[in-house]
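One file, entry-v3.cif, is given below (mmCIF, C-alpha atoms and all ligand atoms).
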```cif
data_final
loop_
_atom_site.group_PDB
_atom_site.id
_atom_site.type_symbol
_atom_site.label_atom_id
_atom_site.label_comp_id
_atom_site.auth_asym_id
_atom_site.auth_seq_id
_atom_site.Cartn_x
_atom_site.Cartn_y
_atom_site.Cartn_z
ATOM 1 C CA MET A 1 -8.185 161.100 224.602
ATOM 2 C CA ASP A 2 -6.710 158.394 226.814
ATOM 3 C CA THR A 3 -5.938 155.451 224.596
ATOM 4 C CA GLY A 4 -4.273 153.408 227.284
ATOM 5 C CA VAL A 5 -1.082 153.264 225.241
ATOM 6 C CA GLY A 6 2.111 155.194 225.688
ATOM 7 C CA PRO A 7 3.724 157.537 223.161
ATOM 8 C CA ASP A 8 6.647 156.422 221.073
ATOM 9 C CA GLY A 9 9.733 156.353 223.225
ATOM 10 C CA GLU A 10 13.231 156.858 221.891
ATOM 11 C CA ALA A 11 13.938 153.244 222.768
ATOM 12 C CA ALA A 12 16.819 151.005 221.860
ATOM 13 C CA GLU A 13 18.349 151.454 218.437
ATOM 14 C CA ALA A 14 19.315 148.010 217.289
ATOM 15 C CA THR A 15 22.233 147.106 215.155
ATOM 16 C CA GLY A 16 22.382 144.416 212.488
ATOM 17 C CA GLU A 17 22.201 143.998 208.777
ATOM 18 C CA SER A 18 18.548 144.993 208.289
ATOM 19 C CA ARG A 19 18.479 147.433 211.223
ATOM 20 C CA VAL A 20 19.167 151.167 211.048
ATOM 21 C CA PRO A 21 19.142 154.111 213.495
ATOM 22 C CA ARG A 22 15.630 155.143 214.506
ATOM 23 C CA ARG A 23 15.679 158.867 215.269
ATOM 24 C CA GLY A 24 16.126 159.990 211.688
ATOM 25 C CA PHE A 25 13.200 157.932 210.475
ATOM 26 C CA LEU A 26 10.780 159.347 213.060
ATOM 27 C CA ARG A 27 12.028 162.867 212.274
ATOM 28 C CA SER A 28 11.320 162.269 208.608
ATOM 29 C CA LEU A 29 7.782 161.124 209.502
ATOM 30 C CA VAL A 30 7.227 164.475 211.202
ATOM 31 C CA ALA A 31 8.701 166.371 208.263
ATOM 32 C CA TRP A 32 6.344 164.516 205.947
ATOM 33 C CA GLY A 33 3.449 165.618 208.151
ATOM 34 C CA ALA A 34 4.457 169.243 207.857
ATOM 35 C CA GLY A 35 4.645 168.957 204.074
ATOM 36 C CA ILE A 36 1.209 167.377 203.771
ATOM 37 C CA ALA A 37 -0.361 169.938 206.100
ATOM 38 C CA ALA A 38 0.947 172.633 203.788
ATOM 39 C CA VAL A 39 -1.075 171.248 200.905
ATOM 40 C CA GLY A 40 -4.349 170.925 202.796
ATOM 41 C CA VAL A 41 -4.773 167.381 204.152
ATOM 42 C CA GLY A 42 -5.264 168.785 207.628
ATOM 43 C CA VAL A 43 -8.778 169.997 206.680
ATOM 44 C CA PRO A 44 -11.172 167.775 208.599
ATOM 45 C CA GLU A 45 -13.935 167.185 206.059
ATOM 46 C CA ALA A 46 -13.494 164.028 204.064
ATOM 47 C CA ASN A 47 -13.974 165.712 200.710
ATOM 48 C CA ALA A 48 -11.264 168.166 201.566
ATOM 49 C CA LEU A 49 -9.119 165.237 202.633
ATOM 50 C CA ARG A 50 -9.645 163.612 199.268
ATOM 51 C CA GLN A 51 -8.731 166.818 197.467
ATOM 52 C CA GLY A 52 -5.854 167.385 199.857
ATOM 53 C CA THR A 53 -4.299 163.988 199.253
ATOM 54 C CA ARG A 54 -4.624 164.477 195.518
ATOM 55 C CA ALA A 55 -2.986 167.844 195.918
ATOM 56 C CA ALA A 56 -0.240 166.147 197.932
ATOM 57 C CA GLY A 57 0.411 163.806 195.030
ATOM 58 C CA THR A 58 0.494 166.667 192.556
ATOM 59 C CA ALA A 59 2.696 168.783 194.799
ATOM 60 C CA ALA A 60 5.095 165.899 195.366
ATOM 61 C CA ALA A 61 5.352 165.276 191.630
ATOM 62 C CA ALA A 62 5.932 168.975 190.933
ATOM 63 C CA THR A 63 8.604 169.422 193.605
ATOM 64 C CA GLY A 64 10.270 166.065 193.131
ATOM 65 C CA THR A 65 9.704 165.126 196.802
ATOM 66 C CA ARG A 66 8.758 161.577 197.657
ATOM 67 C CA LEU A 67 5.311 160.510 198.767
ATOM 68 C CA ARG A 68 5.115 157.999 201.581
ATOM 69 C CA ARG A 69 3.985 154.463 200.781
ATOM 70 C CA TRP A 70 2.824 153.277 204.168
ATOM 71 C CA ALA A 71 3.182 149.597 205.015
ATOM 72 C CA MET A 72 2.976 147.288 208.017
ATOM 73 C CA VAL A 73 4.930 144.174 208.931
ATOM 74 C CA ILE A 74 3.521 141.812 211.558
ATOM 75 C CA ASP A 75 6.153 139.500 213.005
ATOM 76 C CA LEU A 76 4.255 136.356 214.021
ATOM 77 C CA ARG A 77 7.364 134.986 215.737
ATOM 78 C CA ARG A 78 6.686 137.505 218.508
ATOM 79 C CA CYS A 79 2.893 137.323 218.728
ATOM 80 C CA ASP A 80 1.639 135.260 221.652
ATOM 81 C CA GLY A 81 -1.869 136.717 221.548
ATOM 82 C CA CYS A 82 -0.902 138.521 224.768
ATOM 83 C CA GLN A 83 -1.118 135.185 226.605
ATOM 84 C CA ALA A 84 2.023 135.966 228.617
ATOM 85 C CA ILE A 85 0.404 139.035 230.162
ATOM 86 C CA ASP A 86 -2.968 137.300 230.489
ATOM 87 C CA GLU A 87 -4.872 140.086 228.727
ATOM 88 C CA PRO A 88 -7.048 140.380 225.615
ATOM 89 C CA PRO A 89 -4.874 141.247 222.586
ATOM 90 C CA ARG A 90 -3.562 144.720 223.306
ATOM 91 C CA CYS A 91 -3.364 145.677 219.642
ATOM 92 C CA THR A 92 -7.103 145.172 219.285
ATOM 93 C CA GLN A 93 -7.895 146.885 222.577
ATOM 94 C CA ALA A 94 -5.793 149.942 221.758
ATOM 95 C CA CYS A 95 -7.313 150.319 218.291
ATOM 96 C CA ILE A 96 -10.826 150.116 219.772
ATOM 97 C CA GLN A 97 -9.999 152.660 222.446
ATOM 98 C CA GLY A 98 -8.176 155.042 220.099
ATOM 99 C CA HIS A 99 -11.048 155.118 217.599
ATOM 100 C CA LEU A 100 -13.975 154.577 219.993
ATOM 101 C CA ALA A 101 -14.863 151.701 217.648
ATOM 102 C CA PRO A 102 -18.434 150.541 218.222
ATOM 103 C CA GLU A 103 -18.964 147.045 219.582
ATOM 104 C CA PRO A 104 -18.574 144.405 218.124
ATOM 105 C CA MET A 105 -16.059 145.865 215.634
ATOM 106 C CA GLN A 106 -12.451 144.701 215.867
ATOM 107 C CA TRP A 107 -10.635 146.605 213.150
ATOM 108 C CA ILE A 108 -7.565 144.512 213.930
ATOM 109 C CA GLU A 109 -8.719 141.059 214.931
ATOM 110 C CA VAL A 110 -6.385 138.364 216.255
ATOM 111 C CA TYR A 111 -7.273 134.978 214.773
ATOM 112 C CA GLU A 112 -6.069 131.698 216.209
ATOM 113 C CA ALA A 113 -5.194 129.464 213.268
ATOM 114 C CA PRO A 114 -4.208 125.778 213.336
ATOM 115 C CA LEU A 115 -0.660 124.820 212.373
ATOM 116 C CA PRO A 116 -0.195 121.908 209.968
ATOM 117 C CA GLY A 117 1.539 119.691 212.541
ATOM 118 C CA GLY A 118 -0.781 120.531 215.446
ATOM 119 C CA GLY A 119 -0.945 123.517 217.770
ATOM 120 C CA THR A 120 -1.878 127.059 216.751
ATOM 121 C CA GLN A 121 -0.527 130.459 215.785
ATOM 122 C CA PHE A 122 -2.048 133.917 216.288
ATOM 123 C CA ILE A 123 -2.565 136.186 213.286
ATOM 124 C CA PRO A 124 -3.442 139.867 213.979
ATOM 125 C CA SER A 125 -5.423 141.058 210.958
ATOM 126 C CA PRO A 126 -6.013 144.753 210.208
ATOM 127 C CA CYS A 127 -7.250 146.088 206.866
ATOM 128 C CA MET A 128 -4.680 144.861 204.326
ATOM 129 C CA GLN A 129 -4.534 148.282 202.579
ATOM 130 C CA CYS A 130 -4.593 146.672 199.133
ATOM 131 C CA GLN A 131 -3.050 148.516 196.210
ATOM 132 C CA ASN A 132 -5.585 146.838 193.923
ATOM 133 C CA PRO A 133 -8.521 147.120 196.337
ATOM 134 C CA PRO A 134 -11.704 145.267 195.342
ATOM 135 C CA CYS A 135 -13.694 147.477 197.764
ATOM 136 C CA VAL A 136 -12.675 150.669 195.963
ATOM 137 C CA ASN A 137 -13.388 149.095 192.601
ATOM 138 C CA VAL A 138 -17.008 148.221 193.476
ATOM 139 C CA CYS A 139 -18.168 151.209 195.547
ATOM 140 C CA PRO A 140 -20.976 152.788 193.476
ATOM 141 C CA VAL A 141 -20.599 156.289 194.952
ATOM 142 C CA GLY A 142 -16.834 156.589 195.366
ATOM 143 C CA ALA A 143 -17.073 156.646 199.164
ATOM 144 C CA THR A 144 -14.159 154.237 199.442
ATOM 145 C CA PHE A 145 -11.005 155.598 197.901
ATOM 146 C CA SER A 146 -7.226 155.178 197.903
ATOM 147 C CA THR A 147 -4.960 158.060 198.884
ATOM 148 C CA PRO A 148 -1.728 158.710 196.966
ATOM 149 C CA GLU A 149 0.139 157.235 199.958
ATOM 150 C CA GLY A 150 -1.684 153.953 199.330
ATOM 151 C CA ILE A 151 -4.122 154.030 202.239
ATOM 152 C CA VAL A 152 -7.706 152.936 201.624
ATOM 153 C CA LEU A 153 -10.201 155.191 203.419
ATOM 154 C CA VAL A 154 -13.983 155.334 203.729
ATOM 155 C CA ASP A 155 -15.687 158.704 203.481
ATOM 156 C CA GLN A 156 -18.642 158.052 205.785
ATOM 157 C CA MET A 157 -20.253 161.332 204.708
ATOM 158 C CA ARG A 158 -20.604 159.859 201.248
ATOM 159 C CA CYS A 159 -21.225 156.180 202.152
ATOM 160 C CA ILE A 160 -24.831 155.100 201.419
ATOM 161 C CA GLY A 161 -24.556 151.872 203.431
ATOM 162 C CA CYS A 162 -25.113 149.492 200.515
ATOM 163 C CA ARG A 163 -22.372 147.185 201.911
ATOM 164 C CA ILE A 164 -21.181 146.029 198.476
ATOM 165 C CA CYS A 165 -17.623 146.770 199.589
ATOM 166 C CA MET A 166 -18.054 144.378 202.511
ATOM 167 C CA GLU A 167 -18.985 141.641 200.060
ATOM 168 C CA ALA A 168 -16.014 142.471 197.874
ATOM 169 C CA CYS A 169 -13.379 142.474 200.650
ATOM 170 C CA PRO A 170 -11.679 139.059 200.571
ATOM 171 C CA TYR A 171 -10.262 139.605 204.066
ATOM 172 C CA ASP A 172 -13.579 140.341 205.830
ATOM 173 C CA ARG A 173 -12.093 143.535 207.287
ATOM 174 C CA ARG A 174 -15.040 145.906 206.841
ATOM 175 C CA PHE A 175 -17.778 146.493 209.368
ATOM 176 C CA PHE A 176 -21.224 147.995 209.231
ATOM 177 C CA ASN A 177 -22.207 150.468 211.917
ATOM 178 C CA TRP A 178 -25.810 149.716 212.812
ATOM 179 C CA GLY A 179 -26.206 152.366 215.481
ATOM 180 C CA SER A 180 -25.067 155.641 216.998
ATOM 181 C CA PRO A 181 -23.096 154.635 220.068
ATOM 182 C CA PRO A 182 -22.615 157.211 222.833
ATOM 183 C CA ILE A 183 -19.101 158.589 223.051
ATOM 184 C CA PRO A 184 -17.112 159.709 226.103
ATOM 185 C CA ARG A 185 -17.652 163.347 227.049
ATOM 186 C CA GLU A 186 -14.052 164.325 226.331
ATOM 187 C CA ALA A 187 -14.455 163.154 222.718
ATOM 188 C CA ALA A 188 -17.733 165.018 222.108
ATOM 189 C CA LEU A 189 -16.093 167.875 220.191
ATOM 190 C CA THR A 190 -14.091 165.608 217.896
ATOM 191 C CA GLU A 191 -14.525 166.642 214.280
ATOM 192 C CA TYR A 192 -15.253 163.804 211.900
ATOM 193 C CA SER A 193 -12.452 162.790 209.573
ATOM 194 C CA ALA A 194 -12.201 159.796 207.233
ATOM 195 C CA GLU A 195 -8.712 159.375 208.689
ATOM 196 C CA HIS A 196 -10.076 158.735 212.168
ATOM 197 C CA GLU A 197 -13.785 157.820 211.815
ATOM 198 C CA VAL A 198 -14.836 159.492 215.079
ATOM 199 C CA PRO A 199 -17.682 159.970 215.796
ATOM 200 C CA ALA A 200 -19.072 156.802 214.206
ATOM 201 C CA ILE A 201 -21.812 157.567 211.684
ATOM 202 C CA ARG A 202 -24.844 155.315 211.736
ATOM 203 C CA GLY A 203 -25.586 153.258 208.617
ATOM 204 C CA THR A 204 -22.070 153.441 207.184
ATOM 205 C CA VAL A 205 -19.112 151.127 206.734
ATOM 206 C CA MET A 206 -16.041 151.467 208.974
ATOM 207 C CA LYS A 207 -12.634 149.815 209.098
ATOM 208 C CA CYS A 208 -8.929 150.124 209.967
ATOM 209 C CA GLU A 209 -7.583 153.268 208.311
ATOM 210 C CA PHE A 210 -3.866 152.664 209.041
ATOM 211 C CA CYS A 211 -3.714 155.712 211.371
ATOM 212 C CA PRO A 212 -2.330 158.260 208.863
ATOM 213 C CA ASP A 213 -3.157 161.054 211.330
ATOM 214 C CA LEU A 214 -0.737 159.541 213.853
ATOM 215 C CA ALA A 215 1.926 158.974 211.191
ATOM 216 C CA ARG A 216 1.681 162.643 210.273
ATOM 217 C CA GLY A 217 2.635 163.461 213.859
ATOM 218 C CA GLY A 218 5.566 161.035 213.755
ATOM 219 C CA ARG A 219 3.801 158.320 215.751
ATOM 220 C CA ARG A 220 2.994 154.732 215.012
ATOM 221 C CA PRO A 221 -0.589 153.343 214.906
ATOM 222 C CA TYR A 222 -2.264 152.557 218.217
ATOM 223 C CA CYS A 223 -1.960 148.816 217.596
ATOM 224 C CA SER A 224 1.774 149.049 217.021
ATOM 225 C CA GLN A 225 2.325 151.262 220.064
ATOM 226 C CA ALA A 226 0.357 148.944 222.336
ATOM 227 C CA CYS A 227 1.920 145.595 221.431
ATOM 228 C CA PRO A 228 4.029 144.468 224.408
ATOM 229 C CA ASN A 229 6.208 142.302 222.185
ATOM 230 C CA GLY A 230 6.999 144.729 219.361
ATOM 231 C CA CYS A 231 5.299 142.531 216.738
ATOM 232 C CA ILE A 232 3.916 145.353 214.622
ATOM 233 C CA TYR A 233 6.278 147.419 212.462
ATOM 234 C CA TYR A 234 5.009 150.475 210.594
ATOM 235 C CA GLY A 235 6.934 152.224 207.898
ATOM 236 C CA ASP A 236 7.401 153.491 204.399
ATOM 237 C CA LEU A 237 8.192 151.364 201.361
ATOM 238 C CA GLU A 238 9.491 154.460 199.590
ATOM 239 C CA GLU A 239 12.033 155.200 202.325
ATOM 240 C CA ASP A 240 12.515 151.431 202.779
ATOM 241 C CA LEU A 241 12.309 151.748 206.567
ATOM 242 C CA ALA A 242 9.956 150.547 209.292
ATOM 243 C CA THR A 243 9.940 150.606 213.092
ATOM 244 C CA ASN A 244 8.209 148.808 215.931
ATOM 245 C CA GLY A 245 9.305 151.483 218.433
ATOM 246 C CA ARG A 246 12.334 149.477 219.554
ATOM 247 C CA GLU A 247 14.313 149.201 216.363
ATOM 248 C CA VAL A 248 14.314 150.391 212.788
ATOM 249 C CA VAL A 249 14.663 147.887 209.974
ATOM 250 C CA ARG A 250 15.486 148.169 206.307
ATOM 251 C CA LEU A 251 12.111 146.990 205.011
ATOM 252 C CA SER A 252 13.136 145.180 201.835
ATOM 253 C CA ARG A 253 15.886 143.186 203.549
ATOM 254 C CA PHE A 254 13.761 142.476 206.609
ATOM 255 C CA LEU A 255 10.994 141.047 204.423
ATOM 256 C CA SER A 256 13.277 138.973 202.203
ATOM 257 C CA LYS A 257 15.528 137.595 204.940
ATOM 258 C CA ASN A 258 12.536 136.485 206.964
ATOM 259 C CA THR A 259 10.535 135.024 204.047
ATOM 260 C CA ALA A 260 7.611 137.373 204.582
ATOM 261 C CA PHE A 261 4.259 136.632 202.967
ATOM 262 C CA ARG A 262 0.941 138.379 202.403
ATOM 263 C CA LEU A 263 -2.551 136.971 202.909
ATOM 264 C CA LYS A 264 -4.372 135.615 199.833
ATOM 265 C CA GLU A 265 -1.596 136.864 197.601
ATOM 266 C CA GLU A 266 -3.005 134.808 194.723
ATOM 267 C CA LEU A 267 -5.987 137.181 194.418
ATOM 268 C CA GLY A 268 -3.782 139.983 193.088
ATOM 269 C CA THR A 269 -4.957 142.519 195.665
ATOM 270 C CA ASP A 270 -1.357 143.570 196.416
ATOM 271 C CA PRO A 271 -1.704 144.159 200.193
ATOM 272 C CA ARG A 272 0.526 146.554 202.128
ATOM 273 C CA VAL A 273 0.452 144.320 205.225
ATOM 274 C CA PHE A 274 3.215 141.719 205.365
ATOM 275 C CA TYR A 275 3.652 138.794 207.755
ATOM 276 C CA ILE A 276 6.737 137.019 209.020
ATOM 277 C CA PRO A 277 5.845 133.387 209.736
ATOM 278 C CA GLY A 278 5.837 132.121 213.313
ATOM 279 C CA TYR A 279 3.768 131.137 216.337
ATOM 280 C CA GLY A 280 5.228 133.314 219.092
ATOM 281 C CA GLN A 281 8.393 131.243 219.501
ATOM 282 C CA ASP A 282 10.621 134.318 219.963
ATOM 283 C CA VAL A 283 8.681 135.274 223.107
ATOM 284 C CA GLY A 284 8.597 131.754 224.489
ATOM 285 C CA ARG A 285 5.093 130.699 223.463
ATOM 286 C CA SER A 286 4.322 127.026 223.043
ATOM 287 C CA PRO A 287 2.167 126.380 219.949
ATOM 288 C CA TYR A 288 0.047 124.067 222.116
ATOM 289 C CA ARG A 289 -1.044 126.833 224.471
ATOM 290 C CA ARG A 290 -4.416 127.741 223.072
ATOM 291 C CA GLY A 291 -6.943 130.491 223.629
ATOM 292 C CA LEU A 292 -7.305 134.280 223.686
ATOM 293 C CA LYS A 293 -8.844 136.474 226.366
ATOM 294 C CA ARG A 294 -12.164 138.031 225.409
ATOM 295 C CA ILE A 295 -12.023 141.526 223.866
ATOM 296 C CA LEU A 296 -13.584 144.396 225.840
ATOM 297 C CA TRP A 297 -14.762 147.792 224.627
ATOM 298 C CA PRO A 298 -13.137 149.821 227.426
ATOM 299 C CA TRP A 299 -14.406 153.254 226.268
ATOM 300 C CA ARG A 300 -17.942 152.100 227.045
ATOM 301 C CA ARG A 301 -17.127 152.308 230.750
ATOM 302 C CA VAL A 302 -16.788 156.100 230.488
ATOM 303 C CA ALA A 303 -19.472 156.929 227.895
ATOM 304 C CA ALA A 304 -22.738 157.947 229.520
ATOM 305 C CA GLY A 305 -25.643 155.824 228.302
ATOM 306 C CA SER A 306 -23.411 152.951 227.135
ATOM 307 C CA GLU A 307 -25.026 150.452 229.427
ATOM 308 C CA ARG A 308 -28.330 150.946 227.563
ATOM 309 C CA TRP A 309 -26.827 151.122 224.080
ATOM 310 C CA GLY A 310 -27.195 148.188 221.699
ATOM 311 C CA ARG A 311 -26.519 148.134 218.019
HETATM 312 S S1 LIG A 401 0.367 141.517 218.036
HETATM 313 FE FE1 LIG A 401 1.221 142.041 220.063
HETATM 314 S S2 LIG A 401 -0.524 143.030 221.112
HETATM 315 FE FE2 LIG A 401 -1.399 141.910 219.351
HETATM 316 S S3 LIG A 401 -1.944 139.884 220.208
HETATM 317 FE FE3 LIG A 401 0.128 139.700 219.360
HETATM 318 S S4 LIG A 401 1.450 140.056 221.154
HETATM 319 FE FE4 LIG A 401 -0.569 140.850 221.709
HETATM 320 S S1 LIG A 402 -3.417 150.754 211.885
HETATM 321 FE FE1 LIG A 402 -4.704 152.074 213.204
HETATM 322 S S2 LIG A 402 -6.810 151.673 212.506
HETATM 323 FE FE2 LIG A 402 -5.519 149.979 211.687
HETATM 324 S S3 LIG A 402 -5.632 148.329 213.233
HETATM 325 FE FE3 LIG A 402 -3.821 149.568 213.775
HETATM 326 S S4 LIG A 402 -4.630 151.096 215.249
HETATM 327 FE FE4 LIG A 402 -6.404 150.212 214.204
#
```
Show the structure stored in the file as C-alpha cells.
Amino acid sequence: MDTGVGPDGEAAEATGESRVPRRGFLRSLVAWGAGIAAVGVGVPEANALRQGTRAAGTAAAATGTRLRRWAMVIDLRRCDGCQAIDEPPRCTQACIQGHLAPEPMQWIEVYEAPLPGGGTQFIPSPCMQCQNPPCVNVCPVGATFSTPEGIVLVDQMRCIGCRICMEACPYDRRFFNWGSPPIPREAALTEYSAEHEVPAIRGTVMKCEFCPDLARGGRRPYCSQACPNGCIYYGDLEEDLATNGREVVRLSRFLSKNTAFRLKEELGTDPRVFYIPGYGQDVGRSPYRRGLKRILWPWRRVAAGSERWGR
C-alpha cells in the first residue's frame, strides 16, 4: 500500500550525551519481531493476537528475555505544524493513508494551543497509550485491552459499539466508525487485525494503535516516518532508546534533560507519550504565525465509490 512516506533510512547517527548509534537499535527491533512471531502474534485474528501477546509475556518471563515497552516522544521545539512546507500536518496525513482511516477520523490530531504570553504552539496528539487506561477499565466486553508491551488495542470483532470507552478517554482520542467506507482496490485483500484496523468495521470504535506491526518489522510508525522535522521519536523504555530516523537518543536522559511532560498527568493515567516543550523554535517558526492547512483523506481519491460515501 502506498502510504506516501518513505522507509526508514540509515540516516545520520548523531553524537552527544543522550544520543547513541542507531543501527543496533533498529536491528534489535527486528530481532524482537522475530521473537514475537515465534510465539504467535503474527496470527491475524484479534483473539489470536490477544492470546499471542499473552504468550509473548509468558515466554519472555520464562526465557528471561525482555519485553518491549513502546513509547513515543514528541519534540514540540521542532513542530511547526508543517507550515514551512505549506502542507496539512504530514503526521496526520500519513497515519490516515497508512490505515485508510475513515473521514473525519484523525488518529493523530495536531492542535493549535495558545501560549501564555501570546502566540501559539502545535501539539500533535495520538492515543496516549496509558498504562492505567480508563478505556480498558470501563469496556464491558473486554474489546479494549492492553498488550504486555503496553499498547492499548481495540478488538473490533468484539466491540459492541456502546462507546463507553470514548466517554472514559480523557484525551478524546477514540473515534466511532459510523459507516463502511470503500477501500482502494489494492487493499481489498487485507486481513483484519486489531494492530492495523483495516478494513474499518462499521459500528465500532477505532483509534491510534501505535503501529506495533511496523515496529515488529523494525520500522517506525507512519506519523514518525512522515514528519519532515523529525519531531516524533519512537522507542522502547525497557531498552531506554528511541529514534526519529535521524538519531538515536537515550530515552531517560533525553526526557529529563529536556524537561519532558505528559498530558493530564494529574489523572494518573500514566501515558506512554511524552512531550518536550516548545513552539517550533528549532525549525525557525515564529509563535505568532498561526493556522494549519486543512487535512485531506488522500486514499479517497483512489477508492471507487468514495465520492458517494458519507458516514
Ligand atoms: S509533528 Fe512533524 S509532521 Fe506533524 S505537524 Fe509537526 S512538523 Fe508536521
Ligand atoms: S503511532 Fe501509528 S496509529 Fe498512532 S498516530 Fe502514529 S501512525 Fe497513527
Apply the PyMOL selection byres (((chain A and resi 133-150) around 7) and not hetatm) to the displayed file and report the matching residues as a VMD selection string.
chain A and resid 53 to 54 57 67 to 70 130 to 132 151 to 156 158 to 159 164 to 165 168 to 169 269
Specify the axis-aligned box that encloses all atoms of ligand LIG 402 (chain A) listed in the file after padding of 8 Å on each side, stating its centre and edge lengths in Å to one decimal as JSON.
```
{"center_x": -5.1, "center_y": 150.2, "center_z": 213.5, "size_x": 19.4, "size_y": 19.7, "size_z": 19.6}
```
Rank nothing, just name the residue among A:Val273, A:Cys79, A:Leu263, A:Val248 nearest to ligand LIG 402 (chain A), using all atoms listed in the file.
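Under the stated criterion, the closest residue is A:Val273.
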Please report as a Markdown table every residue of chain A lying within 8 Å of ligand LIG 402 (chain A), along with the nearest atom pair and their distance in Å (one decimal), using all atoms listed in the file.
```
| residue | atom | partner | partner_atom | distance |
| --- | --- | --- | --- | --- |
| A:Cys91 | CA | A:LIG402 | FE3 | 7.1 |
| A:Thr92 | CA | A:LIG402 | S3 | 7.0 |
| A:Ala94 | CA | A:LIG402 | S4 | 6.7 |
| A:Cys95 | CA | A:LIG402 | S4 | 4.1 |
| A:Ile96 | CA | A:LIG402 | FE4 | 7.1 |
| A:Gly98 | CA | A:LIG402 | S4 | 7.2 |
| A:His99 | CA | A:LIG402 | S2 | 7.5 |
| A:Trp107 | CA | A:LIG402 | S3 | 5.3 |
| A:Ile108 | CA | A:LIG402 | S3 | 4.3 |
| A:Ser125 | CA | A:LIG402 | S3 | 7.6 |
| A:Pro126 | CA | A:LIG402 | S3 | 4.7 |
| A:Cys127 | CA | A:LIG402 | FE2 | 6.4 |
| A:His196 | CA | A:LIG402 | S2 | 7.8 |
| A:Lys207 | CA | A:LIG402 | S2 | 7.0 |
| A:Cys208 | CA | A:LIG402 | S2 | 3.7 |
| A:Glu209 | CA | A:LIG402 | S2 | 4.6 |
| A:Phe210 | CA | A:LIG402 | S1 | 3.5 |
| A:Cys211 | CA | A:LIG402 | FE1 | 4.2 |
| A:Pro212 | CA | A:LIG402 | FE1 | 7.9 |
| A:Pro221 | CA | A:LIG402 | FE1 | 4.6 |
| A:Tyr222 | CA | A:LIG402 | S4 | 4.1 |
| A:Cys223 | CA | A:LIG402 | S4 | 4.2 |
| A:Ser224 | CA | A:LIG402 | FE3 | 6.5 |
```
Could the residues that lie within 6 Å of ligand LIG 401 (chain A), counting all atoms listed in the file, be listed as an NGL selection string?
:A and (79-82 or 89-91 or 124 or 227-229 or 231)
Near-Asn177 of chain A list (6 Å; all atoms listed in the file; drop same-chain fewer than 4 positions) as a PyMOL selection string:
chain A and resi 202-204
At what distance in Å, to one decimal, does atom CA of Gly278 of chain A lie from atom CA of Ala71 of chain A?
19.5 Å
Would you mind reading off the distance between atom CA of Ile74 of chain A and atom CA of Gly230 of chain A, one decimal, in Å?
9.0 Å
Atom CA of Phe175 of chain A and atom CA of Val73 of chain A, how far apart in Å?
22.8 Å
Using only C-alpha atoms, what residues lie at most 12 Å away from (7.5, 121.1, 212.3) (file coordinates), given as a list in words?
Leu115, Pro116, Gly117, Gly118, Gly119, Thr120, Gly278, Tyr279 and Pro287 of chain A
Using all atoms listed in the file, pick whichever of A:Arg262, A:Arg253, A:Arg300, A:Arg246 has the shortest atom-to-atom distance to Gln225 of chain A.
A:Arg246
Can you tell me, as a ChimeraX atom specification, what residues are no more than 9 Å from Arg220 of chain A when counting all atoms listed in the file, ignoring any on the same chain fewer than 6 positions away?
/A:7-8,211-212,214,233-235,243-245
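Minimum distance to Tyr288 of chain A across A:Phe261, A:Tyr111, A:Tyr275, A:Phe122 (counting only C-alpha atoms) occurs at A:Phe122.
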Just want the 10 Å neighbourhood of Ser252 of chain A, counted on all atoms listed in the file, with same-chain residues fewer than 2 positions away dropped. Output as a PDB file with C-alpha atoms, keeping the file's coordinate frame.
```
ATOM      1  CA  SER A  18      18.548 144.993 208.289  1.00  0.00           C
ATOM      2  CA  LEU A 237       8.192 151.364 201.361  1.00  0.00           C
ATOM      3  CA  ASP A 240      12.515 151.431 202.779  1.00  0.00           C
ATOM      4  CA  LEU A 241      12.309 151.748 206.567  1.00  0.00           C
ATOM      5  CA  ALA A 242       9.956 150.547 209.292  1.00  0.00           C
ATOM      6  CA  VAL A 249      14.663 147.887 209.974  1.00  0.00           C
ATOM      7  CA  ARG A 250      15.486 148.169 206.307  1.00  0.00           C
ATOM      8  CA  PHE A 254      13.761 142.476 206.609  1.00  0.00           C
ATOM      9  CA  LEU A 255      10.994 141.047 204.423  1.00  0.00           C
ATOM     10  CA  SER A 256      13.277 138.973 202.203  1.00  0.00           C
ATOM     11  CA  LYS A 257      15.528 137.595 204.940  1.00  0.00           C
ATOM     12  CA  ALA A 260       7.611 137.373 204.582  1.00  0.00           C
TER      13      ALA A 260
END
```
With all atoms listed in the file as the basis for distance, which of A:Ile295, A:Leu76, A:Met105, A:Leu100 is at the shortest distance from Asp282 of chain A?
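So, comparing all the options, the nearest one is A:Leu76.
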Skipping near chain neighbours, those fewer than 4 positions away, what residues fall within 12 Å of Leu189 of chain A using all atoms listed in the file, listed as a compact mmCIF listing (two decimals) with C-alpha atoms, in the coordinates of the input?
```txt
# COMPACT_ATOMS: atom_id res chain seq x y z
CA MET A 1 -8.18 161.10 224.60
CA ILE A 183 -19.10 158.59 223.05
CA PRO A 184 -17.11 159.71 226.10
CA ARG A 185 -17.65 163.35 227.05
CA VAL A 198 -14.84 159.49 215.08
CA PRO A 199 -17.68 159.97 215.80
```
For Asn258 of chain A, list every protein, DNA or RNA residue within 10 Å, evaluated using all atoms listed in the file, and leave out those in the same chain fewer than 6 positions away; present the list as a list in words.
Asp75, Tyr275, Ile276 and Pro277 of chain A
Would you fill the gaps in segment 173-177 of chain A so it has N, CA and C atoms, then print it as an mmCIF file, in the frame of the given file?
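Output file result_29.cif is given in full below:
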```cif
data_model
loop_
_atom_site.group_PDB
_atom_site.id
_atom_site.type_symbol
_atom_site.label_atom_id
_atom_site.label_comp_id
_atom_site.auth_asym_id
_atom_site.auth_seq_id
_atom_site.Cartn_x
_atom_site.Cartn_y
_atom_site.Cartn_z
ATOM 1 N N ARG A 173 -12.640 142.513 206.386
ATOM 2 C CA ARG A 173 -12.093 143.535 207.287
ATOM 3 C C ARG A 173 -12.909 144.818 207.261
ATOM 4 N N ARG A 174 -14.160 144.724 206.836
ATOM 5 C CA ARG A 174 -15.040 145.906 206.841
ATOM 6 C C ARG A 174 -16.241 145.617 207.724
ATOM 7 N N PHE A 175 -16.739 146.655 208.359
ATOM 8 C CA PHE A 175 -17.778 146.493 209.368
ATOM 9 C C PHE A 175 -18.878 147.520 209.136
ATOM 10 N N PHE A 176 -20.104 147.075 209.395
ATOM 11 C CA PHE A 176 -21.224 147.995 209.231
ATOM 12 C C PHE A 176 -21.635 148.539 210.590
ATOM 13 N N ASN A 177 -21.808 149.839 210.655
ATOM 14 C CA ASN A 177 -22.207 150.468 211.917
ATOM 15 C C ASN A 177 -23.733 150.602 211.946
#
```
